[in-house]
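Undergrad: The structure under discussion is supplied below as structure tokens; questions concerning it will follow.
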Amino acid sequence: MKEVANDFVKFWIEDGILYSQFKKPVIIDIEKVKILIDLRHQISAGEKQYWCYDFDGIKSYDKDARDYADIHGQEYLHACAVLLNSHITKFTLNAFMKLKRPIIPLKGFTKQENAVNWLREIQEKI
């Protein structure tokens, strides 16, 4: 298993899926999102990934960070399944993504098993 980490987040690749987990509650600002994306690029090593992105541990995600992630955060990705701890947040994210139409498939889930199954379905199509 390949793994990289810093003081606030850990990434690892297991069975063809990239996972991430925050080590402690974190406020994502422009500097943190740049570090997060750089670390994800490091583990990706120039290859596109299927990412299971666990939002648990994010206290807030400021607008500058969201804007930066919108431009630079989809590089080296085939798809992103976002794990959320609330059905309301999941609904909001999925509704917003239908309107926004991201470059890559992106969908919210409350269960990791469902998120991974969705990523595997996309893997099979590509």
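The way I read the labels, and the way they are meant: chains A, B, ... in the order of the structure tokens, residue 1 as the first residue of every chain, and ligand 1 as the first ligand shown, with later ones counted on from there.
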Write out as JSON, numbers by chain each polymer residue whose atoms come within 12 Å of Asp70 of chain A, counting only C-alpha atoms; drop sequence neighbours fewer than 2 positions from it.

TA: {"A": [30, 33, 34, 37, 63, 64, 65, 66, 67, 68, 72, 73, 74, 75, 97, 100, 101, 102, 103, 104, 106]}

Undergrad: Compile the contact shell of segment 50-56 of chain A as a PyMOL selection string: residues with an atom at most 6 Å away, counting only C-alpha atoms, same-chain residues fewer than 2 positions apart removed.

TA: chain A and resi 17-21+58+78-84

Undergrad: Output as a PyMOL selection string all residues of segment 23-65 of chain A that backbone DSSP marks as alpha helix (DSSP H).

TA: chain A and resi 30-44+63-65

Undergrad: Identify all residues of chain A in strand (DSSP E) (DSSP on the backbone) and supply them as a ChimeraX atom specification.

TA: /A:2-5,9-14,17-22,26-28,49-54,58-61,77-83,106-109

Undergrad: Could you please take those selected residues and save C-alpha atoms as an mmCIF file, in the first residue's frame?

TA:
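What ended up in selection_2.cif:
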data_model
loop_
_atom_site.group_PDB
_atom_site.id
_atom_site.type_symbol
_atom_site.label_atom_id
_atom_site.label_comp_id
_atom_site.auth_asym_id
_atom_site.auth_seq_id
_atom_site.Cartn_x
_atom_site.Cartn_y
_atom_site.Cartn_z
ATOM 1 C CA LYS A 2 1.340 3.394 -1.029
ATOM 2 C CA GLU A 3 0.897 6.207 1.534
ATOM 3 C CA VAL A 4 1.798 9.899 2.018
ATOM 4 C CA ALA A 5 0.887 12.166 4.913
ATOM 5 C CA VAL A 9 -4.127 14.627 6.258
ATOM 6 C CA LYS A 10 -3.168 11.145 5.084
ATOM 7 C CA PHE A 11 -3.543 9.703 1.562
ATOM 8 C CA TRP A 12 -3.184 6.068 0.596
ATOM 9 C CA ILE A 13 -3.918 3.883 -2.413
ATOM 10 C CA GLU A 14 -5.540 0.533 -1.796
ATOM 11 C CA ILE A 17 -8.674 3.502 -5.046
ATOM 12 C CA LEU A 18 -7.119 6.649 -3.554
ATOM 13 C CA TYR A 19 -8.339 7.366 -0.016
ATOM 14 C CA SER A 20 -7.809 10.365 2.220
ATOM 15 C CA GLN A 21 -8.516 10.996 5.865
ATOM 16 C CA PHE A 22 -7.987 14.066 8.001
ATOM 17 C CA VAL A 26 -9.098 21.345 10.104
ATOM 18 C CA ILE A 27 -10.147 24.633 8.548
ATOM 19 C CA ILE A 28 -9.429 24.470 4.819
ATOM 20 C CA GLN A 49 -6.937 8.266 -9.618
ATOM 21 C CA TYR A 50 -10.393 7.297 -8.341
ATOM 22 C CA TRP A 51 -10.588 9.254 -5.084
ATOM 23 C CA CYS A 52 -12.673 8.463 -2.010
ATOM 24 C CA TYR A 53 -12.457 11.877 -0.284
ATOM 25 C CA ASP A 54 -13.529 11.744 3.369
ATOM 26 C CA ILE A 58 -13.247 19.498 7.890
ATOM 27 C CA LYS A 59 -14.534 22.252 10.171
ATOM 28 C CA SER A 60 -14.934 24.729 7.312
ATOM 29 C CA TYR A 61 -13.849 25.230 3.701
ATOM 30 C CA LEU A 77 -8.558 12.326 -11.184
ATOM 31 C CA HIS A 78 -10.997 10.095 -13.057
ATOM 32 C CA ALA A 79 -13.728 10.555 -10.418
ATOM 33 C CA CYS A 80 -14.245 11.655 -6.824
ATOM 34 C CA ALA A 81 -16.640 10.152 -4.275
ATOM 35 C CA VAL A 82 -17.056 12.499 -1.314
ATOM 36 C CA LEU A 83 -17.841 10.941 2.081
ATOM 37 C CA LEU A 106 -18.199 13.837 -8.423
ATOM 38 C CA LYS A 107 -20.866 12.550 -6.062
ATOM 39 C CA GLY A 108 -21.547 12.631 -2.316
ATOM 40 C CA PHE A 109 -22.141 9.581 -0.106
#

Undergrad: For the atom pair atom CA of Asp62 of chain A and atom CA of Ile43 of chain A, what is the interatomic distance in Å to one decimal place?

TA: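 Pair atom CA of Asp62 of chain A / atom CA of Ile43 of chain A returns 24.6 Å.
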